[in-house]
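Beneath this line is the structure, given in structure tokens, with notes to follow.
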Amino acid sequence: MKKPWAGRFKGKTSKAVEGFTSSVSFDARLWRYDIEGSIAHAKMLGRQGIIPQRDATLIIKALEEIKEEIEAGKFRFLEGLEDVHMNIEHALIRKVGPIGGMLHTARSRNDQIALDLRLYLRDEIKGIVRLLRSLQRVIVHMAEENIDTIMPGYTHLQRAQPVLLSHHLLAYYEMFERDVERLGDCLKRVNVLPLGSAALAGTSLPVDRGYVAELLGFSAVSENSIDAVSDRDFVIEFLSASSVLMVHLSRLSEEFILWNSAEFGFIELPDAFSTGSSIMPQKKNPDVFELIRGKAGRVFGSLMTLLSMMKALPLAYNRDMQEDKEPLFDAVDTIRSCLSVLNEVMPAVRFKKEAMRRAAEDGFSTATDLAEYLVRKGMPFRDAHRLVGRVVRYCIDRGRSLPDLGIRELRRFSGLFDEDVFHLLSAEGSVNSRSSKGGTSRAEVLKRIKTLKTRLKRI
Ligand code: ARG
């Protein structure tokens, strides 16, 4: 089989080099985009009269056939043909003869691969955003169902202040919202047509790049041919947005792992989404969440691969850049699988409301409420903080808790305490008093849920 670039060569490629340089084992996954791009390119070549219109028509028809063959699993990608581009071009020439060789007019594999990758990533970003949107829906639904569940909010993994479980869950909604925004922003820079840059300098043939962009739904045409074939910053951007997303997923997973432990006992995982131990019969493990937590590392790894691969590469195209694909594909697959499984598991998690509430009432999680009470009575916050600290110390020494102190005992610390203080020392009272915008009070959280529900209906 002759390689399309064999002209200037006398000798044959060594088998070792052929295997080493070939990328078709992984870039074959871009076939659909490669064909879509080629069809648009052929249309433009015909329309501009760069190749005869009837040859363009034949080429397009043959490309459609190749597409059907690949879809039907009847196409064999050959390693010796190096990459997805040459495999498809080779099949085209076999179908239509030498006129198939016209397709590569005014283009190079350098702008072709940049095009394929942009078309691929554009689709994947949209798919990931859809999965994120459905996870957001799941979260809002969970928040609504659990609006009366109170849990301890934590800092330093120590009980800090009572919060609504809904409020805690909705924190993830906000993180995912920013993830969607970051991906959407990245998409703007992905959605630029590089084709027509040819190898690096552009082409002497009268191409119409605007027409190709229109056919392929790009919102812009690249401005500099050297830049268009040599940068992969759009991949790096996608991988960094993806890494942030994985940070969020790993935090959510870690919390569910903790909550599922006997030490917390806040949730019960459904059997369908847990696994057992081969030696310890009693075990029911949160493997799904552990795997998500672990897979975050793979996505960060992809980002690091791209950054180090691109660093200090001289312009324009270098073969190093072929190394962008596997990490990108791996990151896309990882993110998709994590989001899909979360969309299934999350609605099936059962919250042990009583245990959460008990934990929220235990300890001194309403100490801040006590201090803010004194502030409302005119005491400077620093003094109130110190005074309540002494009350807490008093309780610790006697094995007591704040809500079971009597008014006479409290008055020994300050005359400002009245009967109305007890209402604040309950978990509900504490939660509902936090009605500042974005706070955890029931009213505030319900307001947010309502807004989010209408927003999600519109998108
Ligand atoms: N397989 C190559 C890549 O992934 C395609 C471009 C190859 N260009 C070249 N001149 N060797 O980057």
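As shown in the structure tokens, the chain order sets the letters A, B, ...; within each chain, residues go from 1, and ligands are also counted from 1 in the order they appear.
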
Exercise for the section: Enumerate residues in contact with ligand 1: an atom-to-atom distance of at most 12 Å, counting only C-alpha atoms and all ligand atoms. Format the result as a VMD selection string. Expected result: chain A and resid 4 to 5 20 to 30 34 79 81 to 87 107 to 117 198 to 200 229 to 232 316 to 326 328

Exercise for the section: List the neighbours of region 251-257 of chain A out to 12 Å using only C-alpha atoms; skip same-chain residues closer than 5 positions along the sequence, and give me the result as number ranges by chain. Expected result: A: 139, 153-154, 157, 168-173, 175-176, 244-246, 262-269, 274, 284-296, 338-339, 341-342, 345-346, 349-351

Exercise for the section: From a DSSP pass on the backbone, collect the residues of region 211-277 of chain A flagged as strand (DSSP E or B) and hand them back as a PyMOL selection string. Expected result: chain A and resi 220-221+267-268+275

Take the selection from the previous step and output its residues with C-alpha atoms, as a compact mmCIF listing (two decimals), in the first residue's frame.
```
# COMPACT_ATOMS: atom_id res chain seq x y z
CA ALA A 220 -15.50 32.39 13.38
CA VAL A 221 -12.59 31.73 11.04
CA ILE A 267 -26.66 8.16 54.46
CA GLU A 268 -27.49 4.74 53.23
CA THR A 275 -20.23 -3.39 46.17
```

Exercise for the section: Identify which of the residues A:Lys3, A:Asp333, A:Glu223, A:Arg133 lies closest to Arg458 (chain A), counting only C-alpha atoms when measuring atom-to-atom distances. Expected result: A:Arg133

Problem - Spatial neighbours of Leu58 (chain A), 10 Å, only C-alpha atoms, chain gap at least 2 places, as number ranges by chain - result: A: 42, 53-56, 60-64, 92, 95-96, 99-100

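Of the residues listed (A:Pro162, A:Pro327, A:Leu452, A:Phe422), A:Pro162 shows the shortest atom-to-atom separation from Thr366 (chain A); distances use only C-alpha atoms.
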
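Proximity ranking of A:Glu372, A:Glu419, A:Asp404, A:Glu354 relative to Pro152 (chain A) places A:Glu354 first, based on only C-alpha atoms.
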
Practice task
For CA of Leu131 (chain A) and CA of Glu344 (chain A), quote the distance in Å rounded to one decimal.
Solution key: 11.1 Å

Practice task
Excluding region 431-447 of chain A and residues on its chain fewer than 5 positions from it, collect all residues at most 10 Å away from it, counting only C-alpha atoms, and give them as a ChimeraX atom specification.
Solution key: /A:143-144,147-148,150-151,161-168,170,366,369,424-426,452
